[in-house]
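So this block is input_23.csv, CSV, C-alpha atoms:
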chain,number,residue,atom,x,y,z
A,8,MET,CA,163.8,-65.9,-41.6
A,9,ARG,CA,161.4,-68.2,-43.5
A,10,ARG,CA,157.8,-67.8,-42.6
A,11,ARG,CA,155.9,-70.8,-41.4
A,12,SER,CA,152.2,-70.4,-40.5
A,13,LEU,CA,151.7,-73.9,-39.3
A,14,LEU,CA,154.3,-74.8,-36.7
A,15,ILE,CA,154.8,-77.4,-34.0
A,16,ALA,CA,157.4,-77.3,-31.3
A,17,VAL,CA,159.3,-80.6,-30.9
A,18,PRO,CA,161.7,-81.9,-28.3
A,19,ALA,CA,165.3,-81.3,-29.1
A,20,GLY,CA,167.1,-83.7,-26.8
A,21,LEU,CA,170.7,-83.1,-25.7
A,22,VAL,CA,172.1,-81.6,-28.8
A,23,THR,CA,170.7,-78.2,-28.3
A,24,LEU,CA,172.7,-75.4,-26.9
A,25,ALA,CA,170.7,-75.6,-23.7
A,26,GLY,CA,171.5,-79.3,-23.5
A,27,CYS,CA,168.6,-80.0,-21.2
A,28,GLY,CA,167.5,-83.3,-22.6
A,29,ASP,CA,164.0,-82.7,-21.4
A,30,ASP,CA,161.6,-84.4,-23.8
A,31,ASP,CA,158.8,-82.0,-22.9
A,32,LYS,CA,160.6,-78.8,-23.8
A,33,SER,CA,161.6,-77.3,-27.1
A,34,ASP,CA,163.6,-74.6,-28.8
A,35,ALA,CA,162.0,-75.2,-32.2
A,36,ALA,CA,159.1,-72.8,-31.7
A,37,LYS,CA,161.6,-70.0,-31.5
A,38,SER,CA,162.4,-70.5,-35.2
A,39,SER,CA,159.1,-69.0,-36.4
A,40,SER,CA,158.3,-65.3,-36.8
A,41,SER,CA,154.7,-66.0,-37.6
A,42,PRO,CA,151.6,-67.3,-35.8
A,43,SER,CA,151.7,-70.8,-34.3
A,44,PRO,CA,148.2,-72.2,-34.4
A,45,SER,CA,147.6,-74.9,-31.9
A,46,ALA,CA,144.8,-76.7,-30.3
A,47,SER,CA,143.3,-75.2,-27.2
A,48,ALA,CA,143.7,-76.8,-23.8
A,49,SER,CA,140.1,-78.1,-24.1
A,50,ALA,CA,140.3,-79.6,-27.6
A,51,PRO,CA,137.0,-80.0,-29.5
A,52,PRO,CA,135.6,-83.5,-30.1
A,53,PRO,CA,136.7,-85.3,-33.3
A,54,PRO,CA,134.9,-83.9,-36.3
A,55,LYS,CA,132.5,-85.8,-38.6
A,56,ILE,CA,134.3,-86.1,-41.9
A,57,VAL,CA,132.3,-85.5,-45.1
A,58,ASP,CA,133.2,-85.4,-48.7
A,59,GLY,CA,132.0,-81.8,-49.5
A,60,PRO,CA,131.2,-79.3,-50.6
A,61,LEU,CA,134.6,-78.2,-51.7
A,62,PRO,CA,135.6,-75.4,-54.2
A,63,ALA,CA,137.0,-76.4,-57.6
A,64,ILE,CA,140.7,-76.4,-58.3
A,65,THR,CA,140.7,-74.4,-61.5
A,66,ALA,CA,144.5,-74.3,-62.3
A,67,GLY,CA,147.6,-76.0,-61.1
A,68,THR,CA,145.8,-79.3,-61.0
A,69,LYS,CA,148.9,-81.6,-61.0
A,70,PHE,CA,150.6,-82.9,-57.9
A,71,GLY,CA,153.3,-80.4,-56.8
A,72,GLU,CA,151.9,-77.5,-58.9
A,73,LYS,CA,150.6,-74.4,-57.1
A,74,PRO,CA,146.8,-74.7,-57.2
A,75,THR,CA,144.3,-72.0,-57.9
A,76,VAL,CA,141.1,-72.6,-56.0
A,77,ALA,CA,137.8,-71.1,-56.7
A,78,LYS,CA,135.8,-69.1,-54.1
A,79,GLY,CA,133.5,-71.2,-52.0
A,80,SER,CA,129.9,-71.4,-53.3
A,81,GLY,CA,127.1,-71.1,-50.8
A,82,ASP,CA,127.6,-72.0,-47.2
A,83,PRO,CA,130.5,-74.4,-46.2
A,84,SER,CA,129.9,-77.6,-44.3
A,85,LYS,CA,129.9,-77.3,-40.6
A,86,ASP,CA,131.7,-80.6,-40.6
A,87,LEU,CA,135.3,-81.3,-41.8
A,88,ALA,CA,135.1,-81.8,-45.6
A,89,VAL,CA,138.0,-83.9,-47.0
A,90,LYS,CA,138.6,-85.1,-50.5
A,91,THR,CA,141.5,-87.0,-52.0
A,92,VAL,CA,141.9,-85.2,-55.4
A,93,ILE,CA,144.9,-87.3,-56.4
A,94,ALA,CA,145.6,-90.6,-54.8
A,95,GLY,CA,149.2,-91.4,-54.1
A,96,GLY,CA,150.8,-94.8,-53.6
A,97,GLY,CA,153.3,-94.0,-50.9
A,98,LYS,CA,153.4,-94.7,-47.1
A,99,THR,CA,150.2,-94.1,-45.2
A,100,VAL,CA,150.2,-91.1,-42.8
A,101,ALA,CA,149.5,-91.9,-39.2
A,102,GLU,CA,148.8,-89.6,-36.3
A,103,ASN,CA,152.0,-88.1,-34.7
A,104,ASP,CA,153.9,-88.7,-38.0
A,105,TYR,CA,155.8,-85.8,-39.4
A,106,ILE,CA,154.6,-85.0,-42.9
A,107,GLN,CA,156.5,-83.2,-45.7
A,108,ALA,CA,154.0,-81.3,-47.8
A,109,ASN,CA,153.3,-78.3,-50.0
A,110,TYR,CA,150.1,-76.5,-49.3
A,111,LEU,CA,147.9,-73.5,-50.0
A,112,GLY,CA,145.4,-72.1,-47.6
A,113,GLN,CA,142.6,-69.6,-48.4
A,114,VAL,CA,139.4,-68.3,-46.9
A,115,TRP,CA,136.2,-70.0,-48.1
A,116,SER,CA,134.1,-66.9,-48.5
A,117,THR,CA,136.6,-64.6,-50.2
A,118,ALA,CA,139.1,-67.0,-51.8
A,119,LYS,CA,141.8,-64.8,-50.2
A,120,VAL,CA,145.0,-66.8,-50.0
A,121,PHE,CA,146.6,-66.4,-46.6
A,122,ASP,CA,149.5,-68.7,-46.9
A,123,ASN,CA,151.2,-71.1,-49.3
A,124,SER,CA,154.5,-73.0,-49.4
A,125,TYR,CA,154.7,-73.3,-53.2
A,126,ASP,CA,156.0,-69.7,-53.5
A,127,ARG,CA,158.6,-70.3,-50.9
A,128,LYS,CA,159.8,-73.4,-52.9
A,129,THR,CA,160.2,-75.2,-49.6
A,130,PRO,CA,157.7,-77.8,-48.4
A,131,LEU,CA,156.5,-77.7,-44.8
A,132,VAL,CA,157.7,-80.5,-42.4
A,133,ILE,CA,155.3,-80.7,-39.5
A,134,GLN,CA,154.1,-83.2,-36.9
A,135,LEU,CA,150.4,-84.2,-36.9
A,136,ALA,CA,150.2,-84.1,-33.2
A,137,GLN,CA,147.4,-82.8,-30.9
A,138,GLY,CA,148.0,-79.4,-29.4
A,139,GLY,CA,150.5,-78.2,-32.1
A,140,ILE,CA,148.6,-78.1,-35.4
A,141,ILE,CA,145.1,-77.2,-36.3
A,142,ASP,CA,142.9,-80.2,-35.8
A,143,GLY,CA,141.6,-80.0,-39.4
A,144,TRP,CA,145.0,-81.1,-40.6
A,145,ARG,CA,145.4,-83.7,-37.9
A,146,TYR,CA,142.1,-85.4,-38.7
A,147,GLY,CA,142.0,-84.7,-42.4
A,148,LEU,CA,145.4,-86.1,-43.4
A,149,VAL,CA,145.7,-89.2,-41.2
A,150,GLY,CA,145.1,-92.2,-43.4
A,151,LYS,CA,146.1,-90.5,-46.6
A,152,LYS,CA,149.2,-91.7,-48.6
A,153,ALA,CA,152.3,-89.9,-49.6
A,154,GLY,CA,152.0,-88.8,-53.2
A,155,SER,CA,148.4,-87.7,-52.6
A,156,ARG,CA,146.8,-84.3,-53.1
A,157,VAL,CA,144.1,-83.6,-50.5
A,158,GLU,CA,141.6,-80.8,-50.4
A,159,MET,CA,140.0,-79.8,-47.1
A,160,SER,CA,137.3,-77.4,-45.9
A,161,VAL,CA,138.0,-76.6,-42.2
A,162,PRO,CA,135.4,-74.9,-40.0
A,163,PRO,CA,136.6,-72.6,-37.2
A,164,THR,CA,136.0,-75.4,-34.6
A,165,TRP,CA,138.9,-77.4,-36.1
A,166,GLY,CA,140.8,-74.4,-37.4
A,167,TYR,CA,141.8,-71.3,-35.5
A,168,GLY,CA,138.7,-71.2,-33.3
A,169,THR,CA,136.6,-68.2,-32.5
A,170,GLN,CA,139.7,-66.1,-32.0
A,171,GLY,CA,140.8,-66.5,-35.6
A,172,ASN,CA,144.3,-65.4,-36.6
A,173,ALA,CA,144.5,-61.7,-37.0
A,174,GLN,CA,148.1,-61.7,-38.5
A,175,ALA,CA,146.9,-64.0,-41.3
A,176,GLY,CA,143.7,-62.0,-41.8
A,177,ILE,CA,141.5,-64.9,-40.6
A,178,LYS,CA,138.4,-64.1,-38.6
A,179,GLY,CA,136.9,-66.3,-36.0
A,180,THR,CA,134.0,-67.2,-38.3
A,181,ASP,CA,136.1,-68.1,-41.3
A,182,THR,CA,136.0,-71.6,-42.8
A,183,LEU,CA,139.4,-72.3,-44.4
A,184,VAL,CA,140.2,-74.2,-47.6
A,185,PHE,CA,143.5,-76.1,-47.9
A,186,VAL,CA,145.0,-78.0,-50.8
A,187,VAL,CA,147.8,-80.2,-49.5
A,188,ASP,CA,150.3,-82.2,-51.6
A,189,ILE,CA,151.8,-84.9,-49.3
A,190,GLU,CA,155.3,-85.6,-50.4
A,191,ASN,CA,156.5,-87.9,-47.6
A,192,THR,CA,155.8,-89.0,-44.1
A,193,PHE,CA,158.2,-89.9,-41.3
A,194,ASN,CA,157.9,-91.6,-37.9
A,195,SER,CA,160.1,-93.2,-35.2
A,196,LYS,CA,160.9,-96.1,-37.6
A,197,SER,CA,162.3,-93.9,-40.4
A,198,SER,CA,165.9,-94.2,-41.4
A,199,ALA,CA,168.4,-92.9,-43.9
A,200,LYS,CA,168.0,-93.9,-47.5
A,201,GLY,CA,171.0,-94.0,-49.8
A,202,LYS,CA,174.2,-95.7,-50.7
A,203,ASP,CA,176.5,-97.3,-48.1
A,204,VAL,CA,179.9,-95.6,-47.9
A,205,PRO,CA,183.0,-97.7,-47.0
A,206,GLN,CA,184.2,-97.1,-43.5
A,207,SER,CA,187.9,-97.9,-43.9
A,208,ASP,CA,189.6,-95.7,-41.2
A,209,ALA,CA,190.4,-98.0,-38.3
A,210,ALA,CA,191.0,-94.9,-36.1
A,211,LEU,CA,187.3,-93.9,-36.4
A,212,PRO,CA,184.1,-95.5,-34.9
A,213,LYS,CA,182.2,-97.9,-37.1
A,214,VAL,CA,178.5,-97.2,-37.5
A,215,GLY,CA,175.9,-99.8,-38.5
A,216,THR,CA,174.2,-99.4,-41.9
A,217,ASN,CA,170.8,-101.0,-41.0
A,218,THR,CA,167.8,-99.0,-42.2
A,219,ASP,CA,165.1,-100.9,-40.4
A,220,GLY,CA,164.3,-98.1,-38.0
A,221,LYS,CA,166.3,-99.6,-35.2
A,222,ALA,CA,169.3,-97.8,-33.7
A,223,PRO,CA,172.5,-98.5,-35.5
A,224,SER,CA,175.5,-99.9,-33.6
A,225,ILE,CA,178.4,-97.5,-32.9
A,226,ASP,CA,181.7,-99.3,-32.2
A,227,VAL,CA,184.3,-96.9,-30.8
A,228,PRO,CA,188.0,-98.0,-31.3
A,229,LYS,CA,190.3,-98.4,-28.4
A,230,ALA,CA,192.4,-95.4,-29.5
A,231,ASP,CA,192.9,-91.8,-28.8
A,232,ALA,CA,190.0,-89.6,-29.8
A,233,PRO,CA,190.6,-87.2,-32.7
A,234,THR,CA,191.2,-83.6,-31.8
A,235,LYS,CA,189.4,-82.2,-34.8
A,236,LEU,CA,185.8,-82.5,-35.9
A,237,VAL,CA,185.0,-85.6,-37.9
A,238,ALA,CA,181.9,-85.7,-40.2
A,239,GLU,CA,181.8,-88.6,-42.6
A,240,TYR,CA,179.0,-90.3,-44.6
A,241,VAL,CA,178.0,-93.8,-43.5
A,242,ILE,CA,175.1,-93.8,-45.9
A,243,GLU,CA,175.0,-91.1,-48.6
A,244,GLY,CA,171.6,-89.9,-49.6
A,245,ASP,CA,170.7,-87.9,-52.7
A,246,GLY,CA,168.5,-85.2,-51.2
A,247,GLU,CA,169.0,-81.5,-50.8
A,248,THR,CA,172.2,-80.2,-49.2
A,249,VAL,CA,171.9,-78.9,-45.6
A,250,ALA,CA,172.9,-75.3,-45.2
A,251,ALA,CA,174.4,-73.7,-42.1
A,252,ASP,CA,171.0,-72.0,-41.2
A,253,SER,CA,168.8,-75.0,-42.1
A,254,SER,CA,166.4,-76.8,-39.8
A,255,VAL,CA,166.4,-80.5,-40.1
A,256,LEU,CA,164.4,-83.6,-39.0
A,257,VAL,CA,166.6,-86.3,-37.7
A,258,GLN,CA,167.1,-89.7,-36.0
A,259,TYR,CA,170.2,-89.8,-33.9
A,260,LYS,CA,172.2,-91.7,-31.3
A,261,GLY,CA,175.0,-90.4,-29.2
A,262,VAL,CA,177.7,-92.3,-27.3
A,263,LEU,CA,180.8,-91.3,-25.4
A,264,TRP,CA,184.2,-91.9,-27.0
A,265,ASP,CA,185.5,-93.0,-23.6
A,266,GLY,CA,183.7,-96.3,-23.0
A,267,GLY,CA,181.0,-96.1,-25.8
A,268,LYS,CA,178.1,-95.5,-23.4
A,269,GLU,CA,175.0,-94.2,-24.9
A,270,PHE,CA,173.9,-90.8,-23.4
A,271,ASP,CA,171.1,-89.7,-25.8
A,272,SER,CA,169.0,-91.2,-28.6
A,273,THR,CA,165.8,-90.5,-30.5
A,274,TYR,CA,165.5,-94.3,-30.9
A,275,SER,CA,165.3,-94.8,-27.2
A,276,ARG,CA,162.7,-92.0,-26.8
A,277,GLY,CA,160.7,-93.4,-29.8
A,278,GLN,CA,160.4,-89.8,-31.2
A,279,LEU,CA,162.1,-87.9,-34.0
A,280,THR,CA,163.7,-84.6,-33.3
A,281,SER,CA,163.8,-81.4,-35.4
A,282,PHE,CA,165.9,-78.3,-34.8
A,283,SER,CA,167.7,-75.4,-36.4
A,284,LEU,CA,171.5,-75.9,-36.9
A,285,GLN,CA,171.8,-72.4,-35.3
A,286,GLN,CA,170.5,-73.9,-32.0
A,287,VAL,CA,172.8,-76.8,-31.6
A,288,VAL,CA,176.4,-77.4,-30.4
A,289,LYS,CA,179.0,-76.3,-32.9
A,290,GLY,CA,180.1,-79.8,-33.7
A,291,TRP,CA,176.6,-80.7,-34.9
A,292,ALA,CA,176.1,-77.5,-36.9
A,293,GLN,CA,179.5,-77.8,-38.6
A,294,GLY,CA,179.2,-81.6,-39.1
A,295,LEU,CA,175.8,-81.5,-40.8
A,296,THR,CA,176.3,-78.4,-43.0
A,297,GLY,CA,177.0,-79.5,-46.5
A,298,LYS,CA,175.6,-83.0,-46.0
A,299,LYS,CA,172.6,-84.3,-48.1
A,300,VAL,CA,169.1,-85.2,-46.9
A,301,GLY,CA,168.7,-89.0,-46.7
A,302,SER,CA,172.2,-89.5,-45.4
A,303,ARG,CA,173.5,-91.2,-42.2
A,304,VAL,CA,176.5,-89.2,-40.9
A,305,LEU,CA,179.1,-90.1,-38.3
A,306,ILE,CA,180.1,-87.1,-36.3
A,307,VAL,CA,182.9,-87.1,-33.8
A,308,ILE,CA,182.9,-83.9,-31.7
A,309,PRO,CA,185.9,-82.8,-29.7
A,310,PRO,CA,185.1,-81.0,-26.4
A,311,LYS,CA,185.7,-77.5,-27.7
A,312,LEU,CA,182.9,-78.0,-30.3
A,313,GLY,CA,180.7,-79.9,-27.9
A,314,TYR,CA,180.0,-79.2,-24.2
A,315,GLY,CA,183.6,-78.5,-23.1
A,316,ASP,CA,183.8,-78.2,-19.3
A,317,LYS,CA,180.1,-77.5,-19.0
A,318,PRO,CA,178.2,-80.7,-19.9
A,319,PRO,CA,174.4,-80.8,-19.2
A,320,ALA,CA,173.5,-81.7,-15.7
A,321,GLY,CA,172.3,-85.3,-15.3
A,322,SER,CA,173.4,-86.2,-18.9
A,323,GLY,CA,176.1,-88.6,-17.8
A,324,ILE,CA,178.6,-86.6,-19.9
A,325,LYS,CA,181.8,-85.8,-18.1
A,326,LYS,CA,183.8,-82.6,-18.6
A,327,ASP,CA,185.9,-82.4,-21.7
A,328,SER,CA,184.3,-85.5,-23.3
A,329,THR,CA,184.5,-86.4,-26.9
A,330,LEU,CA,181.1,-87.3,-28.3
A,331,VAL,CA,180.2,-89.7,-31.1
A,332,PHE,CA,177.0,-89.4,-33.0
A,333,SER,CA,175.2,-91.3,-35.7
A,334,VAL,CA,172.7,-88.9,-37.4
A,335,ASP,CA,170.1,-89.8,-40.0
A,336,ILE,CA,169.0,-86.6,-41.9
A,337,LEU,CA,165.4,-87.4,-42.8
A,338,ALA,CA,164.3,-84.0,-44.1
A,339,LYS,CA,165.2,-80.4,-44.4
A,340,MET,CA,162.6,-78.0,-43.0
As structure tokens, the full file:
Amino acid sequence: MRRRSLLIAVPAGLVTLAGCGDDDKSDAAKSSSSPSPSASASAPPPPKIVDGPLPAITAGTKFGEKPTVAKGSGDPSKDLAVKTVIAGGGKTVAENDYIQANYLGQVWSTAKVFDNSYDRKTPLVIQLAQGGIIDGWRYGLVGKKAGSRVEMSVPPTWGYGTQGNAQAGIKGTDTLVFVVDIENTFNSKSSAKGKDVPQSDAALPKVGTNTDGKAPSIDVPKADAPTKLVAEYVIEGDGETVAADSSVLVQYKGVLWDGGKEFDSTYSRGQLTSFSLQQVVKGWAQGLTGKKVGSRVLIVIPPKLGYGDKPPAGSGIKKDSTLVFSVDILAKM
């Protein structure tokens, strides 16, 4: 399983196998086999942000290239040092956004690289939220723009604390140096981005094509529900193809075929959701596999691929219900 050293757990809503719909619980943390640094219960005060000192980037100096970073010279700052090495022109990152970024992290005093995403050839997608990511990232990246390369020097107070991270070889006294290439940022107003696809089958629901961050309409026809899974593009993006074992960041809305009543929605919660396709109902996993990032997908799930005769308690879903979803695939994780 792909290693991720910086991980945040996110609410998964009703689509998970557990189907609890509890916004405070998550299955996403189970997807990591490596340490999950998080803020302590008593978080430190916000850091003073200074512009140095920071080690030189000696190779891989272009955005998206794996950087080589020199060993720190002298003592690092006891404050959070942040420098925009390359200024991007994309959307501005805000707290609680999900960012998509490549990064390299090393120890100031030794230049030992303890983690990087460039070698994995998969950018990290993570939420800049208190309690789930080291505070150095949360404070250092907010306000930066997509397309930017940011270098940071993070003291233990806003890193892994005095306990360090033994698995990564980080001591409790280590200041860490990160180079972060911010590719994109997502929030509760993010939508699919692509080409509208004609919806010509009158026997299937019609999904709105608005991309203003508001929930799309889902108009269910007065007809018998299909007995097989339906997974069709409403908007076709041009991003990576989702695999059966992928994790994805999505916006979605779910309604019942019978009556069209909404039973679950990230739009209503005002919070995006991420999960592994191995942790969701079969209809979601099969319906999103093979689809492209940036797309909006209509998924109609028959009972045998949904909740069958065991719907989640309190969900408003009756036994043997056919479910209809609009899903915006924002990023592959």
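The spacing separating CA of Gly168 (chain A) from CA of Leu148 (chain A) amounts to 19.2 Å.
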Using only C-alpha atoms, which residues sit within 12 Å of region 71-79 of chain A once same-chain residues fewer than 3 positions away are excluded, as a PDB file with C-alpha atoms, in the frame of the given file?
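File out_17.pdb, as written:
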ATOM      1  CA  GLY A  59     132.000 -81.800 -49.500  1.00  0.00           C
ATOM      2  CA  PRO A  60     131.200 -79.300 -50.600  1.00  0.00           C
ATOM      3  CA  LEU A  61     134.600 -78.200 -51.700  1.00  0.00           C
ATOM      4  CA  PRO A  62     135.600 -75.400 -54.200  1.00  0.00           C
ATOM      5  CA  ALA A  63     137.000 -76.400 -57.600  1.00  0.00           C
ATOM      6  CA  ILE A  64     140.700 -76.400 -58.300  1.00  0.00           C
ATOM      7  CA  THR A  65     140.700 -74.400 -61.500  1.00  0.00           C
ATOM      8  CA  ALA A  66     144.500 -74.300 -62.300  1.00  0.00           C
ATOM      9  CA  GLY A  67     147.600 -76.000 -61.100  1.00  0.00           C
ATOM     10  CA  THR A  68     145.800 -79.300 -61.000  1.00  0.00           C
ATOM     11  CA  ASP A  82     127.600 -72.000 -47.200  1.00  0.00           C
ATOM     12  CA  PRO A  83     130.500 -74.400 -46.200  1.00  0.00           C
ATOM     13  CA  SER A  84     129.900 -77.600 -44.300  1.00  0.00           C
ATOM     14  CA  VAL A  92     141.900 -85.200 -55.400  1.00  0.00           C
ATOM     15  CA  ILE A  93     144.900 -87.300 -56.400  1.00  0.00           C
ATOM     16  CA  GLN A 107     156.500 -83.200 -45.700  1.00  0.00           C
ATOM     17  CA  ALA A 108     154.000 -81.300 -47.800  1.00  0.00           C
ATOM     18  CA  ASN A 109     153.300 -78.300 -50.000  1.00  0.00           C
ATOM     19  CA  TYR A 110     150.100 -76.500 -49.300  1.00  0.00           C
ATOM     20  CA  LEU A 111     147.900 -73.500 -50.000  1.00  0.00           C
ATOM     21  CA  GLY A 112     145.400 -72.100 -47.600  1.00  0.00           C
ATOM     22  CA  GLN A 113     142.600 -69.600 -48.400  1.00  0.00           C
ATOM     23  CA  VAL A 114     139.400 -68.300 -46.900  1.00  0.00           C
ATOM     24  CA  TRP A 115     136.200 -70.000 -48.100  1.00  0.00           C
ATOM     25  CA  SER A 116     134.100 -66.900 -48.500  1.00  0.00           C
ATOM     26  CA  THR A 117     136.600 -64.600 -50.200  1.00  0.00           C
ATOM     27  CA  ALA A 118     139.100 -67.000 -51.800  1.00  0.00           C
ATOM     28  CA  LYS A 119     141.800 -64.800 -50.200  1.00  0.00           C
ATOM     29  CA  VAL A 120     145.000 -66.800 -50.000  1.00  0.00           C
ATOM     30  CA  ASP A 122     149.500 -68.700 -46.900  1.00  0.00           C
ATOM     31  CA  ASN A 123     151.200 -71.100 -49.300  1.00  0.00           C
ATOM     32  CA  SER A 124     154.500 -73.000 -49.400  1.00  0.00           C
ATOM     33  CA  TYR A 125     154.700 -73.300 -53.200  1.00  0.00           C
ATOM     34  CA  ASP A 126     156.000 -69.700 -53.500  1.00  0.00           C
ATOM     35  CA  ARG A 127     158.600 -70.300 -50.900  1.00  0.00           C
ATOM     36  CA  LYS A 128     159.800 -73.400 -52.900  1.00  0.00           C
ATOM     37  CA  THR A 129     160.200 -75.200 -49.600  1.00  0.00           C
ATOM     38  CA  PRO A 130     157.700 -77.800 -48.400  1.00  0.00           C
ATOM     39  CA  ALA A 153     152.300 -89.900 -49.600  1.00  0.00           C
ATOM     40  CA  GLY A 154     152.000 -88.800 -53.200  1.00  0.00           C
ATOM     41  CA  SER A 155     148.400 -87.700 -52.600  1.00  0.00           C
ATOM     42  CA  ARG A 156     146.800 -84.300 -53.100  1.00  0.00           C
ATOM     43  CA  VAL A 157     144.100 -83.600 -50.500  1.00  0.00           C
ATOM     44  CA  GLU A 158     141.600 -80.800 -50.400  1.00  0.00           C
ATOM     45  CA  MET A 159     140.000 -79.800 -47.100  1.00  0.00           C
ATOM     46  CA  SER A 160     137.300 -77.400 -45.900  1.00  0.00           C
ATOM     47  CA  ASP A 181     136.100 -68.100 -41.300  1.00  0.00           C
ATOM     48  CA  THR A 182     136.000 -71.600 -42.800  1.00  0.00           C
ATOM     49  CA  LEU A 183     139.400 -72.300 -44.400  1.00  0.00           C
ATOM     50  CA  VAL A 184     140.200 -74.200 -47.600  1.00  0.00           C
ATOM     51  CA  PHE A 185     143.500 -76.100 -47.900  1.00  0.00           C
ATOM     52  CA  VAL A 186     145.000 -78.000 -50.800  1.00  0.00           C
ATOM     53  CA  VAL A 187     147.800 -80.200 -49.500  1.00  0.00           C
ATOM     54  CA  ASP A 188     150.300 -82.200 -51.600  1.00  0.00           C
ATOM     55  CA  ILE A 189     151.800 -84.900 -49.300  1.00  0.00           C
ATOM     56  CA  GLU A 190     155.300 -85.600 -50.400  1.00  0.00           C
TER      57      GLU A 190
END
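We find CA of Lys213 (chain A) and CA of Pro309 (chain A) to be spaced 17.2 Å apart.
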Practice item. Using all atoms listed in the file, find the one residue out of A:Gly147, A:Gln137, A:Phe121, A:Gly323 that sits nearest to Val57 (chain A). Key: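 Nearest to Val57 (chain A): A:Gly147.
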Point to revise | Straight-line distance linking CA of Tyr314 (chain A) with CA of Asp265 (chain A), stated in Å to one decimal | key: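 Atom-to-atom, CA of Tyr314 (chain A) and CA of Asp265 (chain A) are spaced 14.9 Å apart.
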Exercise for review: Please provide as number ranges by chain all residues within 7 Å of Val237 (chain A), with the sequence filter that same-chain residues fewer than 4 positions apart are discarded (counting all atoms listed in the file).
Suggested key: A: 306-308
Review point. Which residues come within 9 Å of Ser224 (chain A), counting only C-alpha atoms, excluding same-chain residues fewer than 4 positions away, as JSON, numbers by chain?
Key: {"A": [213, 214, 215, 216, 217, 333]}
